[in-house]
Amino acid sequence: MTGNPWGYGKQDGPSVWHKNYPVAEGDRQSPIDIVPHQASHDPSLGPIVLNYDKCTSIKIANNGHSVVVEFEDSDDRSVIQGGPLGNPYRLKQFHFHWGGKDCHGSEHTVAGNSYASELHLVHWNAVKYKTFGEAATAPDGLAVLGIFLETGDDHRWLHAITDVLYTVKFKGSVTDFKGFNPKCLLPSSLHYWTYLGSLTTPPLHESVTWIVVKDPIIVSEKQLGKFRMLVFTGEEEDQRIRMENNFRPPQPLKGRKVRSSN
Ligand SMILES: NS(=O)(=O)c1ccc(C(=O)N[C@@H](c2ccccc2)c2cnnn2CC(=O)NCCCS)cc1
Ligand SMILES: [Zn+2]
């Protein structure tokens with residue numbers, strides 16, 4: 001396996017990604033700092049609709065950048081629609097970004113404030129594109145639902161994930177992970193901000209309609225701490241680099257409009 005093409009360290013982190021991925025300096029990069037009072041309220045923005053009842057989770061994996069739960073996406077069994085979306089988008093995976101301490105870790109910030117972590121539910125436009133890879137390079141190819149995580153009380157459903165993280169400690173490890181419905185990780189209100197952006201990791205394709213939910217979910221410090229026992233490195237490597245601070249900082253808005261649902 002070739003060396004790490006990109007990462008979050010000094011030598012291979014967000015500040016040098018532009019060298020191999022020039023789109024890093026593009027006009028619709030993510031994440032961004034969301035300034036609520038500058039977002040324009042758009043009454044035509046309907047509610048987000050999640051049809052996850054038939055969703056089929058398959059596995060949980062450490063891909064060397066984050067911990068990812070993958071879903072069966074060969075049909076429209078679990079989709080997101082409504083809001084700014086013109087058609088349903090298929091759930092493919094979800095993953096997290098987090099910090100080394102609770103004061104930072106999210107990718108999007110709100111009026112300059114970071115949350116401890118951010119959950120990304122990644123969907124693709126299977127109406128217009130044949131594969132995820134094709135959709136990932138199209139301007140309307142992907143829709144990512146972002147949920148902030150804040151520390152406080154224990155989150156009863158996040159245990160299903162934090163209790164198995166030890167099985168995917170090393171880069172490249174994968175474990176069966178069936179029967180998990182991510183609807184249990186959403187806050188009660190799905191009021192959101194939405195804007196046109198990009199993947200927040202290389203290849204940084206400008207293909208994402210971002211839907212960032214305003215209300216955070218609350219998880220305990222203990223639960224969040226379990227994400228930090230993952231490592232970026234493979235089991236066979238002699239270096240063990242703790243997986244934390246796997247977030248890209250906010251990028252220039254470049255004149256984009258952020259809209260808010262009610
Ligand atoms: N943070 S985010 O929600 O904006 C986000 C969402 C999805 C992807 C993604 O699917 N990336 C893979 C991909 C495969 C085919 C075409 C393009 C992109 C890829 C490329 N090299 N590795 N991967 C796996 C990967 O990065 N998976 C997502 C883990 C987030 S840290 C990346 C970031
Ligand atoms: Zn992400």
# chains A, B, ... in the order shown; residues from 1 in each chain; ligands from 1

call {"tool": "residues_around", "arguments": {"residues": "Phe94 in chain A", "least_positions_apart": "4", "cutoff": "6 Å", "atoms": "only C-alpha atoms", "output": "ChimeraX atom specification"}}
result
/A:68-69,120-122

call {"tool": "write_last_selection", "arguments": {"atoms": "C-alpha atoms", "output": "mmCIF file, in the first residue's frame"}}
result
data_model
loop_
_atom_site.group_PDB
_atom_site.id
_atom_site.type_symbol
_atom_site.label_atom_id
_atom_site.label_comp_id
_atom_site.auth_asym_id
_atom_site.auth_seq_id
_atom_site.Cartn_x
_atom_site.Cartn_y
_atom_site.Cartn_z
ATOM 1 C CA VAL A 68 -17.315 4.890 8.546
ATOM 2 C CA VAL A 69 -20.573 2.868 8.638
ATOM 3 C CA HIS A 120 -21.896 13.287 8.206
ATOM 4 C CA LEU A 121 -24.621 11.196 6.552
ATOM 5 C CA VAL A 122 -23.525 10.856 2.916
#

call {"tool": "residues_around", "arguments": {"residues": "Lys226 in chain A", "least_positions_apart": "3", "cutoff": "8 Å", "atoms": "only C-alpha atoms", "output": "PyMOL selection string"}}
result
chain A and resi 162+165+222-223+229-230

call {"tool": "residues_around", "arguments": {"residues": "Thr137 in chain A", "least_positions_apart": "6", "cutoff": "10 Å", "atoms": "only C-alpha atoms", "output": "PyMOL selection string"}}
result
chain A and resi 198-199+203-208

call {"tool": "residues_around", "arguments": {"residues": "His191 in chain A", "least_positions_apart": "6", "cutoff": "10 Å", "atoms": "only C-alpha atoms", "output": "ChimeraX atom specification"}}
result
/A:46-48,83,211-215,260-262

call {"tool": "write_last_selection", "arguments": {"atoms": "N, CA, C and O atoms", "output": "tab-separated table (two decimals), in the first residue's frame"}}
result
chain	number	residue	atom	x	y	z
A	46	GLY	N	-38.70	23.44	2.02
A	46	GLY	CA	-39.54	22.53	2.79
A	46	GLY	C	-38.72	21.73	3.79
A	46	GLY	O	-37.49	21.88	3.86
A	47	PRO	N	-39.37	20.88	4.57
A	47	PRO	CA	-38.66	20.05	5.56
A	47	PRO	C	-37.82	18.96	4.88
A	47	PRO	O	-38.08	18.58	3.74
A	48	ILE	N	-36.80	18.53	5.60
A	48	ILE	CA	-35.99	17.39	5.16
A	48	ILE	C	-36.79	16.14	5.48
A	48	ILE	O	-37.36	16.03	6.57
A	83	GLY	N	-36.47	19.50	1.33
A	83	GLY	CA	-35.54	20.60	1.58
A	83	GLY	C	-35.07	21.19	0.25
A	83	GLY	O	-35.88	21.43	-0.64
A	211	ILE	N	-26.50	20.09	3.98
A	211	ILE	CA	-27.67	20.35	4.81
A	211	ILE	C	-27.20	20.19	6.25
A	211	ILE	O	-26.95	19.06	6.69
A	212	VAL	N	-26.96	21.30	6.94
A	212	VAL	CA	-26.39	21.28	8.29
A	212	VAL	C	-27.51	21.55	9.29
A	212	VAL	O	-28.14	22.62	9.26
A	213	VAL	N	-27.79	20.58	10.14
A	213	VAL	CA	-28.89	20.68	11.11
A	213	VAL	C	-28.48	21.62	12.25
A	213	VAL	O	-27.34	21.57	12.73
A	214	LYS	N	-29.39	22.51	12.64
A	214	LYS	CA	-29.06	23.55	13.61
A	214	LYS	C	-28.83	22.99	15.01
A	214	LYS	O	-27.87	23.37	15.68
A	215	ASP	N	-29.69	22.08	15.47
A	215	ASP	CA	-29.58	21.57	16.83
A	215	ASP	C	-28.58	20.42	16.93
A	215	ASP	O	-28.61	19.51	16.10
A	260	SER	N	-31.57	29.33	5.18
A	260	SER	CA	-32.00	28.62	6.39
A	260	SER	C	-33.46	28.24	6.26
A	260	SER	O	-34.26	28.99	5.69
A	261	SER	N	-33.79	27.01	6.73
A	261	SER	CA	-35.20	26.62	6.77
A	261	SER	C	-35.78	27.37	7.96
A	261	SER	O	-35.09	28.08	8.67
A	262	ASN	N	-37.06	27.21	8.23
A	262	ASN	CA	-37.61	28.06	9.30
A	262	ASN	C	-37.01	27.69	10.66
A	262	ASN	O	-36.41	26.62	10.81

call {"tool": "residues_near_ligand", "arguments": {"ligand": "ligand 1", "cutoff": "6 Å", "atoms": "only C-alpha atoms and all ligand atoms", "output": "MDAnalysis selection string"}}
result
chainID A and resid 65:66 120 122 133 136 144 199:201

call {"tool": "closest_residue", "arguments": {"among": "A:His18, A:Lys59, A:Arg248, A:Lys130", "to": "ligand 2", "atoms": "only C-alpha atoms and all ligand atoms"}}
result
A:Arg248

call {"tool": "closest_residue", "arguments": {"among": "A:Gly105, A:Pro216, A:Pro22, A:Pro182", "to": "ligand 2", "atoms": "only C-alpha atoms and all ligand atoms"}}
result
A:Gly105

call {"tool": "residues_around", "arguments": {"residues": "Ser117 in chain A", "least_positions_apart": "5", "cutoff": "12 Å", "atoms": "only C-alpha atoms", "output": "ChimeraX atom specification"}}
result
/A:66,95-109,146-151,216-221,223-225,227-228,244-248

call {"tool": "select_by_dssp", "arguments": {"residues": "range 50-255 of chain A", "states": "alpha helix (DSSP H)", "output": "JSON, numbers by chain"}}
result
{"A": [132, 133, 134, 135, 159, 160, 161, 162, 221, 222, 223, 224, 225, 226, 227]}

call {"tool": "write_last_selection", "arguments": {"atoms": "N, CA and C atoms", "output": "CSV table (one decimal), in the first residue's frame"}}
result
chain,number,residue,atom,x,y,z
A,132,PHE,N,-21.9,5.9,-7.3
A,132,PHE,CA,-21.5,7.0,-6.3
A,132,PHE,C,-20.3,7.8,-6.9
A,133,GLY,N,-19.3,7.0,-7.5
A,133,GLY,CA,-18.1,7.7,-8.0
A,133,GLY,C,-18.5,8.7,-9.1
A,134,GLU,N,-19.4,8.4,-9.9
A,134,GLU,CA,-19.9,9.3,-11.0
A,134,GLU,C,-20.6,10.5,-10.3
A,135,ALA,N,-21.4,10.2,-9.4
A,135,ALA,CA,-22.2,11.3,-8.7
A,135,ALA,C,-21.2,12.2,-7.9
A,159,HIS,N,-24.2,4.4,21.8
A,159,HIS,CA,-23.4,3.2,22.4
A,159,HIS,C,-23.3,2.1,21.4
A,160,ALA,N,-24.3,2.0,20.5
A,160,ALA,CA,-24.2,0.9,19.5
A,160,ALA,C,-22.9,1.1,18.7
A,161,ILE,N,-22.5,2.3,18.5
A,161,ILE,CA,-21.3,2.6,17.7
A,161,ILE,C,-20.0,2.6,18.7
A,162,THR,N,-20.1,3.4,19.7
A,162,THR,CA,-18.9,3.5,20.6
A,162,THR,C,-18.5,2.2,21.2
A,221,GLU,N,-18.8,12.7,27.3
A,221,GLU,CA,-17.3,12.9,27.2
A,221,GLU,C,-16.7,11.5,27.0
A,222,LYS,N,-17.3,10.5,27.8
A,222,LYS,CA,-16.8,9.1,27.8
A,222,LYS,C,-17.0,8.5,26.4
A,223,GLN,N,-18.2,8.8,25.8
A,223,GLN,CA,-18.5,8.2,24.5
A,223,GLN,C,-17.6,8.8,23.5
A,224,LEU,N,-17.4,10.2,23.6
A,224,LEU,CA,-16.5,10.8,22.6
A,224,LEU,C,-15.1,10.3,22.7
A,225,GLY,N,-14.7,10.1,24.0
A,225,GLY,CA,-13.3,9.6,24.2
A,225,GLY,C,-13.0,8.3,23.5
A,226,LYS,N,-14.0,7.5,23.3
A,226,LYS,CA,-13.8,6.2,22.6
A,226,LYS,C,-13.4,6.4,21.2
A,227,PHE,N,-13.9,7.5,20.5
A,227,PHE,CA,-13.4,7.8,19.2
A,227,PHE,C,-11.9,8.0,19.1

call {"tool": "closest_residue", "arguments": {"among": "A:Glu72, A:Asp163, A:Glu237, A:Glu118", "to": "ligand 2", "atoms": "only C-alpha atoms and all ligand atoms"}}
result
A:Glu118

call {"tool": "atom_distance", "arguments": {"atom1": "CA of Gln38 in chain A", "atom2": "CA of Ala143 in chain A"}}
result
22.4 Å

call {"tool": "residues_around", "arguments": {"residues": "Thr233 in chain A", "least_positions_apart": "5", "cutoff": "8 Å", "atoms": "only C-alpha atoms", "output": "number ranges by chain"}}
result
A: 64, 170-171, 239-241

call {"tool": "write_last_selection", "arguments": {"atoms": "all heavy atoms", "output": "PDB file, in the first residue's frame"}}
result
ATOM      1  N   GLY A  64      -8.617   4.983   7.877  1.00  0.00           N
ATOM      2  CA  GLY A  64      -7.388   5.756   8.042  1.00  0.00           C
ATOM      3  C   GLY A  64      -7.620   7.252   8.134  1.00  0.00           C
ATOM      4  O   GLY A  64      -6.692   8.026   8.355  1.00  0.00           O
ATOM      5  N   PHE A 170      -7.543  -0.040  14.159  1.00  0.00           N
ATOM      6  CA  PHE A 170      -6.479   0.232  13.188  1.00  0.00           C
ATOM      7  C   PHE A 170      -7.000   0.528  11.785  1.00  0.00           C
ATOM      8  O   PHE A 170      -8.040  -0.008  11.374  1.00  0.00           O
ATOM      9  CB  PHE A 170      -5.529  -0.979  13.114  1.00  0.00           C
ATOM     10  CG  PHE A 170      -4.842  -1.273  14.406  1.00  0.00           C
ATOM     11  CD1 PHE A 170      -5.271  -2.314  15.221  1.00  0.00           C
ATOM     12  CD2 PHE A 170      -3.777  -0.476  14.844  1.00  0.00           C
ATOM     13  CE1 PHE A 170      -4.646  -2.586  16.441  1.00  0.00           C
ATOM     14  CE2 PHE A 170      -3.153  -0.747  16.055  1.00  0.00           C
ATOM     15  CZ  PHE A 170      -3.589  -1.797  16.855  1.00  0.00           C
ATOM     16  N   LYS A 171      -6.274   1.340  11.041  1.00  0.00           N
ATOM     17  CA  LYS A 171      -6.585   1.642   9.639  1.00  0.00           C
ATOM     18  C   LYS A 171      -6.709   0.325   8.869  1.00  0.00           C
ATOM     19  O   LYS A 171      -5.896  -0.580   9.031  1.00  0.00           O
ATOM     20  CB  LYS A 171      -5.434   2.463   9.055  1.00  0.00           C
ATOM     21  CG  LYS A 171      -5.510   2.692   7.563  1.00  0.00           C
ATOM     22  CD  LYS A 171      -4.285   3.493   7.113  1.00  0.00           C
ATOM     23  CE  LYS A 171      -4.188   3.598   5.613  1.00  0.00           C
ATOM     24  NZ  LYS A 171      -2.938   4.292   5.205  1.00  0.00           N
ATOM     25  N   GLN A 239       4.499   2.904  14.220  1.00  0.00           N
ATOM     26  CA  GLN A 239       3.981   4.152  14.814  1.00  0.00           C
ATOM     27  C   GLN A 239       2.485   4.036  15.081  1.00  0.00           C
ATOM     28  O   GLN A 239       1.753   3.548  14.231  1.00  0.00           O
ATOM     29  CB  GLN A 239       4.191   5.299  13.824  1.00  0.00           C
ATOM     30  CG  GLN A 239       5.415   6.149  14.067  1.00  0.00           C
ATOM     31  CD  GLN A 239       5.277   7.515  13.396  1.00  0.00           C
ATOM     32  OE1 GLN A 239       4.750   7.587  12.299  1.00  0.00           O
ATOM     33  NE2 GLN A 239       5.709   8.559  14.081  1.00  0.00           N
ATOM     34  N   ARG A 240       2.040   4.466  16.259  1.00  0.00           N
ATOM     35  CA  ARG A 240       0.591   4.474  16.567  1.00  0.00           C
ATOM     36  C   ARG A 240       0.190   5.942  16.693  1.00  0.00           C
ATOM     37  O   ARG A 240       0.612   6.605  17.633  1.00  0.00           O
ATOM     38  CB  ARG A 240       0.301   3.762  17.888  1.00  0.00           C
ATOM     39  CG  ARG A 240       0.566   2.304  17.813  1.00  0.00           C
ATOM     40  CD  ARG A 240      -0.624   1.431  18.151  1.00  0.00           C
ATOM     41  NE  ARG A 240      -0.361   0.114  17.583  1.00  0.00           N
ATOM     42  CZ  ARG A 240      -0.433  -1.033  18.241  1.00  0.00           C
ATOM     43  NH1 ARG A 240      -0.823  -1.045  19.504  1.00  0.00           N
ATOM     44  NH2 ARG A 240      -0.144  -2.167  17.653  1.00  0.00           N
ATOM     45  N   ILE A 241      -0.543   6.462  15.706  1.00  0.00           N
ATOM     46  CA  ILE A 241      -0.941   7.874  15.765  1.00  0.00           C
ATOM     47  C   ILE A 241      -2.441   7.951  16.070  1.00  0.00           C
ATOM     48  O   ILE A 241      -3.260   7.501  15.266  1.00  0.00           O
ATOM     49  CB  ILE A 241      -0.613   8.591  14.435  1.00  0.00           C
ATOM     50  CG1 ILE A 241       0.867   8.390  14.085  1.00  0.00           C
ATOM     51  CG2 ILE A 241      -0.966  10.075  14.538  1.00  0.00           C
ATOM     52  CD1 ILE A 241       1.263   8.895  12.710  1.00  0.00           C
TER      53      ILE A 241
END
